[in-house]
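Next comes input_36.cif, a file with mmCIF, C-alpha atoms.
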```cif
data_coords
loop_
_atom_site.label_atom_id
_atom_site.label_comp_id
_atom_site.auth_asym_id
_atom_site.auth_seq_id
_atom_site.Cartn_x
_atom_site.Cartn_y
_atom_site.Cartn_z
CA MET A 2 -18.99 3.14 4.64
CA GLU A 3 -18.92 0.08 6.89
CA HIS A 4 -21.88 -1.61 8.55
CA VAL A 5 -21.94 -2.86 12.14
CA GLY A 6 -25.22 -4.70 12.49
CA HIS A 7 -27.77 -2.11 11.33
CA GLN A 8 -25.34 0.74 12.00
CA THR A 9 -23.49 2.48 9.17
CA LEU A 10 -20.07 3.79 10.17
CA SER A 11 -18.42 6.90 8.76
CA GLN A 12 -14.86 6.80 7.45
CA SER A 13 -13.45 8.01 10.79
CA ASP A 14 -15.62 5.62 12.80
CA ARG A 15 -14.33 2.78 10.65
CA ARG A 16 -11.18 2.89 12.77
CA LEU A 17 -13.29 1.47 15.59
CA ILE A 18 -13.59 -1.89 13.84
CA LEU A 19 -10.18 -2.20 12.20
CA PRO A 20 -7.82 -4.82 13.70
CA ALA A 21 -5.31 -2.77 15.72
CA TYR A 22 -4.53 -4.49 19.03
CA HIS A 23 -2.39 -7.59 19.28
CA VAL A 24 -3.92 -10.06 21.70
CA ASN A 25 -0.95 -9.67 24.06
CA ASP A 26 -1.41 -5.89 24.23
CA ALA A 27 -5.18 -6.21 24.62
CA ALA A 28 -4.63 -8.57 27.54
CA ARG A 29 -2.23 -6.09 29.18
CA TYR A 30 -4.70 -3.22 28.91
CA ALA A 31 -7.71 -5.21 30.15
CA GLY A 32 -5.84 -6.98 32.94
CA THR A 33 -6.26 -10.54 31.67
CA THR A 34 -4.27 -13.09 29.64
CA PRO A 35 -4.05 -13.90 25.91
CA ALA A 36 -5.21 -17.47 26.57
CA THR A 37 -8.28 -16.16 28.34
CA ILE A 38 -9.16 -13.89 25.43
CA VAL A 39 -8.94 -16.81 23.01
CA SER A 40 -11.20 -18.84 25.31
CA TRP A 41 -13.78 -16.07 25.54
CA GLN A 42 -13.94 -15.79 21.75
CA ARG A 43 -14.85 -19.43 21.26
CA GLU A 44 -18.39 -20.64 20.87
CA GLN A 45 -19.33 -23.21 23.51
CA GLY A 46 -21.84 -25.72 22.13
CA GLN A 47 -25.01 -23.78 21.40
CA ALA A 48 -23.80 -20.76 23.39
CA GLY A 49 -22.23 -17.90 21.51
CA PRO A 50 -18.87 -16.33 22.40
CA ALA A 51 -18.42 -13.87 25.25
CA LEU A 52 -16.47 -11.65 22.84
CA GLY A 53 -16.76 -11.08 19.11
CA VAL A 54 -15.16 -13.92 17.16
CA ARG A 55 -11.96 -13.17 15.24
CA ASP A 56 -9.76 -15.25 12.98
CA SER A 57 -6.65 -16.77 14.51
CA GLY A 58 -3.72 -14.38 14.45
CA VAL A 59 -5.85 -11.33 13.67
CA ALA A 60 -5.61 -8.35 16.01
CA LEU A 61 -8.57 -7.06 18.01
CA SER A 62 -10.46 -3.94 17.00
CA PHE A 63 -11.10 -1.07 19.39
CA LEU A 64 -14.73 -2.16 19.89
CA GLN A 65 -13.56 -5.68 20.69
CA LEU A 66 -11.14 -4.15 23.17
CA VAL A 67 -14.01 -2.31 24.86
CA GLU A 68 -16.03 -5.50 25.07
CA LEU A 69 -13.00 -7.28 26.48
CA ARG A 70 -12.82 -4.72 29.29
CA PHE A 71 -16.47 -5.30 30.20
CA VAL A 72 -16.20 -9.09 30.13
CA ALA A 73 -13.03 -8.97 32.26
CA ALA A 74 -14.87 -6.78 34.78
CA MET A 75 -17.76 -9.22 34.92
CA ARG A 76 -15.41 -12.12 35.50
CA ASP A 77 -13.56 -10.21 38.20
CA LEU A 78 -16.91 -9.93 39.99
CA GLY A 79 -17.26 -13.70 39.83
CA MET A 80 -19.91 -13.92 37.12
CA LYS A 81 -20.18 -17.20 35.29
CA LEU A 82 -19.06 -17.18 31.69
CA LYS A 83 -22.23 -18.95 30.54
CA ASP A 84 -24.31 -16.09 31.97
CA ILE A 85 -22.14 -13.48 30.28
CA ARG A 86 -22.47 -15.35 26.98
CA ALA A 87 -26.24 -15.50 27.35
CA ALA A 88 -26.45 -11.81 28.22
CA ARG A 89 -24.29 -10.81 25.27
CA GLU A 90 -26.23 -12.98 22.85
CA TYR A 91 -29.54 -11.53 24.01
CA LEU A 92 -28.32 -7.92 23.90
CA GLN A 93 -26.83 -8.57 20.47
CA SER A 94 -30.26 -9.56 19.18
CA GLN A 95 -31.95 -6.62 20.89
CA PHE A 96 -29.45 -3.98 19.73
CA LYS A 97 -28.88 -5.51 16.28
CA THR A 98 -25.13 -5.03 16.57
CA GLU A 99 -21.99 -7.13 16.69
CA PHE A 100 -20.67 -5.25 19.73
CA PRO A 101 -23.41 -4.94 22.36
CA PHE A 102 -21.01 -4.38 25.29
CA ALA A 103 -19.49 -1.41 23.42
CA ASP A 104 -22.87 0.13 22.58
CA ILE A 105 -24.02 3.25 24.45
CA ARG A 106 -27.48 1.70 24.80
CA LEU A 107 -25.96 -0.76 27.24
CA LYS A 108 -25.99 2.06 29.78
CA SER A 109 -29.48 3.33 29.15
CA ASP A 110 -31.32 0.17 28.09
CA GLY A 111 -29.14 -2.85 28.82
CA GLN A 112 -29.95 -3.13 32.49
CA SER A 113 -33.72 -2.92 32.05
CA ILE A 114 -33.65 -5.35 29.11
CA LEU A 115 -31.86 -8.01 31.11
CA VAL A 116 -33.75 -7.39 34.34
CA ASP A 117 -37.06 -7.76 32.51
CA LEU A 118 -36.00 -10.79 30.48
CA GLU A 119 -37.41 -13.36 32.88
CA GLU A 120 -40.72 -11.51 33.12
CA THR A 121 -41.10 -11.05 29.37
CA GLU A 122 -39.71 -14.36 28.14
CA GLY A 123 -40.74 -16.75 30.87
CA ALA A 124 -39.36 -18.59 33.88
CA GLU A 125 -37.18 -20.83 31.72
CA PHE A 126 -34.79 -17.88 31.40
CA ARG A 127 -34.17 -17.80 35.17
CA GLY A 128 -30.44 -18.14 35.79
CA LYS A 129 -29.57 -17.98 32.09
CA VAL A 130 -28.71 -14.30 32.01
CA LEU A 131 -26.52 -12.45 34.39
CA VAL A 132 -29.19 -10.28 36.00
CA ALA A 133 -31.83 -12.94 36.46
CA ASN A 134 -31.45 -12.77 40.24
CA LYS A 135 -30.83 -10.08 42.86
CA TRP A 136 -27.11 -10.78 43.10
CA GLY A 137 -26.78 -10.52 39.35
CA GLN A 138 -28.69 -7.23 39.24
CA TYR A 139 -26.40 -5.79 41.88
CA ALA A 140 -23.28 -6.88 40.04
CA TRP A 141 -24.58 -5.55 36.72
CA LYS A 142 -25.30 -2.16 38.26
CA GLU A 143 -21.76 -2.10 39.66
CA ILE A 144 -20.31 -2.78 36.23
CA ILE A 145 -22.48 -0.10 34.64
CA GLY A 146 -21.60 2.42 37.33
CA GLU A 147 -17.87 1.75 37.30
CA ARG A 148 -16.99 0.94 33.71
CA PHE A 149 -19.03 3.54 31.85
CA HIS A 150 -16.97 6.28 33.49
CA GLU A 151 -13.89 4.87 31.75
CA PHE A 152 -15.27 5.40 28.26
CA GLN A 153 -16.28 8.34 26.11
CA TYR A 154 -19.08 7.62 23.67
CA GLY A 155 -20.15 8.95 20.31
CA ASP A 156 -23.68 8.71 18.99
CA ARG A 157 -23.62 4.95 19.26
CA PHE A 158 -20.35 3.33 20.31
CA ALA A 159 -17.48 3.88 22.71
CA ARG A 160 -14.81 5.99 21.00
CA ARG A 161 -12.16 6.59 23.70
CA TRP A 162 -10.99 4.68 26.76
CA HIS A 163 -9.47 6.13 29.91
CA VAL A 164 -7.50 2.92 30.22
CA ALA A 165 -5.89 3.80 33.56
CA GLY A 166 -9.06 5.26 35.08
CA LYS A 167 -11.03 8.46 34.62
CA SER A 168 -8.64 10.49 36.77
CA SER A 169 -5.60 9.46 34.69
CA PRO A 170 -4.48 11.39 31.58
CA ILE A 171 -3.78 8.10 29.74
CA LEU A 172 -6.21 7.69 26.85
CA ILE A 173 -6.75 5.13 24.09
CA ASP A 174 -8.24 6.75 20.99
CA PRO A 175 -8.26 4.82 17.69
CA LEU A 176 -7.68 8.11 15.85
CA ILE A 177 -4.57 9.13 17.81
CA ALA A 178 -1.14 7.45 17.85
CA TYR A 179 -2.60 4.46 15.99
CA GLY A 180 -4.72 3.62 19.03
CA SER A 181 -1.80 3.24 21.45
CA PRO A 182 -2.25 4.40 25.05
CA GLN A 183 -1.06 8.01 24.95
CA ILE A 184 -0.91 11.40 26.62
CA ARG A 185 -1.47 14.39 24.34
CA GLY A 186 -0.55 12.23 21.36
CA VAL A 187 2.63 10.79 22.90
CA PRO A 188 2.45 6.98 23.24
CA THR A 189 3.23 5.78 26.75
CA TRP A 190 5.66 3.21 25.39
CA VAL A 191 7.72 6.04 23.88
CA VAL A 192 7.97 7.72 27.29
CA LYS A 193 9.00 4.40 28.86
CA ASN A 194 11.66 3.73 26.22
CA ARG A 195 13.16 7.18 26.70
CA HIS A 196 13.18 6.72 30.47
CA ASP A 197 14.70 3.24 30.19
CA GLY A 198 17.36 4.77 27.98
CA GLY A 199 18.50 6.97 30.84
CA GLU A 200 16.65 10.23 30.20
CA SER A 201 15.20 12.09 33.16
CA SER A 202 11.53 12.94 33.58
CA ASP A 203 12.41 16.61 33.13
CA GLU A 204 14.08 15.93 29.78
CA ILE A 205 11.20 13.80 28.55
CA ALA A 206 8.62 16.35 29.69
CA LYS A 207 10.46 19.18 27.93
CA ASP A 208 10.88 17.27 24.64
CA PHE A 209 7.23 16.29 24.40
CA MET A 210 5.74 19.38 26.07
CA LEU A 211 4.31 17.28 28.88
CA THR A 212 4.20 17.95 32.60
CA LYS A 213 6.24 15.84 35.00
CA ARG A 214 2.94 14.51 36.34
CA GLN A 215 1.99 13.31 32.87
CA VAL A 216 5.37 11.64 32.40
CA LYS A 217 4.98 9.91 35.75
CA ALA A 218 1.46 8.76 34.79
CA ALA A 219 2.82 7.26 31.55
CA LEU A 220 5.59 5.40 33.39
CA ASN A 221 3.18 4.16 36.07
CA PHE A 222 0.79 2.91 33.40
CA GLU A 223 3.51 1.03 31.53
CA GLN A 224 4.72 -0.53 34.78
CA SER A 225 1.19 -1.57 35.71
CA ALA A 226 0.48 -2.95 32.23
CA ASP A 227 3.69 -4.97 32.33
CA LYS A 228 2.56 -6.59 35.57
CA ASN A 229 -0.48 -7.92 33.75
CA LYS A 230 1.85 -9.90 31.48
CA SER A 231 2.68 -12.23 34.35
CA LYS A 232 -0.90 -12.57 35.55
CA GLN A 233 -1.54 -16.25 36.16
CA THR A 234 -5.32 -16.38 36.56
CA VAL A 235 -6.95 -17.82 33.46
CA TRP A 236 -10.76 -17.72 33.48
CA THR A 237 -12.25 -20.33 31.22
CA HIS A 238 -15.44 -21.55 32.85
#
```
Please re-express this file's structure in structure tokens.
Amino acid sequence: MEHVGHQTLSQSDRRLILPAYHVNDAARYAGTTPATIVSWQREQGQAGPALGVRDSGVALSFLQLVELRFVAAMRDLGMKLKDIRAAREYLQSQFKTEFPFADIRLKSDGQSILVDLEETEGAEFRGKVLVANKWGQYAWKEIIGERFHEFQYGDRFARRWHVAGKSSPILIDPLIAYGSPQIRGVPTWVVKNRHDGGESSDEIAKDFMLTKRQVKAALNFEQSADKNKSKQTVWTH
């Protein structure tokens, strides 16, 4: 059994915290850059990291990947990194877990905890957490509304990610295909390699018992993920 904060994980849930995603792949899936991930995992003075800290060269776990997706979404909305760090640190203390942005309580309790922070802790917290003003509350609700639909949760943590959106058949599950993006157990990179090798969608679909729509979704995902490799925006502030 493994412990995550005060949570004890079963043998199958242990896959959620095992290093499995190279930083380059994690950046592709979340739509950011490796350099940005490294920056987000650094402590800044007295402020904690925006993502769980990992040793240099070590892959990210699935729960770190989930947190990465949330932080990237917050940054895309223009939220300041110092506010995200403060929010994560506070939620971490409230939830007693290393992965507050991957915790199901973020949906049910996270918003009210952060909205009430100024009232319960005093005016000195104004501006120090991401929902300490009306704009921040609006943005937080947007993140909750949009991002929670991408994930499937167990009793406590996110367990699966609809990495290309809820309507797409592409799924990341730490227990299937070693956590690679996949359709019905077939990694999307396998579909791409077969297609790049000259096989038709019909041939690929027949071999893997997929539909042509599923093959097309896998190819579209791989193409979209590859575009993220050349993404130039690096959020550090």
Apply the PyMOL selection byres ((chain A and resi 23-36) around 6) to the structure shown and report the selected residues as a compact mmCIF listing (two decimals) with C-alpha atoms, in the coordinates of the input.
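Below you can see out-v5.txt, which holds the result:
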```
# COMPACT_ATOMS: atom_id res chain seq x y z
CA TYR A 22 -4.53 -4.49 19.03
CA THR A 37 -8.28 -16.16 28.34
CA ILE A 38 -9.16 -13.89 25.43
CA VAL A 39 -8.94 -16.81 23.01
CA ALA A 60 -5.61 -8.35 16.01
CA ARG A 70 -12.82 -4.72 29.29
CA ALA A 226 0.48 -2.95 32.23
CA ASN A 229 -0.48 -7.92 33.75
```
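Computed from the coordinates, the CA of Arg43 (chain A) to CA of Leu82 (chain A) distance equals 11.5 Å.
Proximity ranking of A:Arg185, A:Arg86, A:Lys193, A:Lys108 relative to Glu44 (chain A) places A:Arg86 first, based on all atoms listed in the file.
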Given the PyMOL selection byres ((chain A and resi 48) around 10) and the file above, list the residues it selects as a list in words. Arg43, Glu44, Gln45, Gly46, Gln47, Gly49, Pro50, Ala51, Lys83, Asp84, Arg86, Ala87 and Glu90 of chain A
Residue with the minimum atom-to-atom distance to Pro175 (chain A), picked from A:Leu69, A:Arg148, A:Leu64, A:Asp56 with only C-alpha atoms counted, is A:Leu64
Please report the interatomic distance between CA of Asp104 (chain A) and CA of Trp190 (chain A) in Å with one decimal. 28.8 Å
Padding of 8 Å on every side, edges along x, y and z, all listed atoms of region 203-219 of chain A included: what centre and edge lengths in Å, to one decimal, does that box have, as lines of an AutoDock Vina configuration file?
```
center_x = 7.8
center_y = 13.3
center_z = 30.4
size_x = 28.6
size_y = 28.1
size_z = 27.9
```
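Nearest-residue note for Thr189 (chain A): choosing from A:Pro170, A:Gly53, A:Gly58, A:Pro101, the minimum distance belongs to A:Pro170, counting only C-alpha atoms.
If you look at CA of Ser181 (chain A) and CA of Leu61 (chain A), they are 12.8 Å away from each other.
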Hey, what's within 10 Å of Leu17 (chain A) if we count all atoms listed in the file and toss same-chain stuff fewer than 4 positions away? As a compact mmCIF listing (two decimals) with C-alpha atoms, in the coordinates of the input, please?
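Result file is result.txt:
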```txt
# COMPACT_ATOMS: atom_id res chain seq x y z
CA LEU A 10 -20.07 3.79 10.17
CA GLN A 12 -14.86 6.80 7.45
CA SER A 13 -13.45 8.01 10.79
CA ALA A 21 -5.31 -2.77 15.72
CA SER A 62 -10.46 -3.94 17.00
CA PHE A 63 -11.10 -1.07 19.39
CA LEU A 64 -14.73 -2.16 19.89
CA GLN A 65 -13.56 -5.68 20.69
CA LEU A 66 -11.14 -4.15 23.17
CA PHE A 158 -20.35 3.33 20.31
CA ALA A 159 -17.48 3.88 22.71
CA ARG A 160 -14.81 5.99 21.00
CA ARG A 161 -12.16 6.59 23.70
CA ASP A 174 -8.24 6.75 20.99
CA PRO A 175 -8.26 4.82 17.69
CA LEU A 176 -7.68 8.11 15.85
CA GLY A 180 -4.72 3.62 19.03
```
From the list A:Pro182, A:Asp197, A:Ile105, A:Asp227, which residue is nearest His150 (chain A) when using all atoms listed in the file? A:Ile105
For Gln183 (chain A), which of A:Gln215, A:Ser94, A:Ser57, A:Ser201 is the closest residue, counting only C-alpha atoms? A:Gln215
At most 9 Å from (-10.3, 7.8, 27.8), file frame, only C-alpha atoms: which residues, as a PyMOL selection string? chain A and resi 150-153+160-167+169-174
Please determine the residues with any atom at most 6 Å from (-17.0, -2.9, 22.0) (coordinates as given in the file, with all atoms listed in the file counting) and report them as a VMD selection string. chain A and resid 64 to 65 67 to 68 100 102 to 103
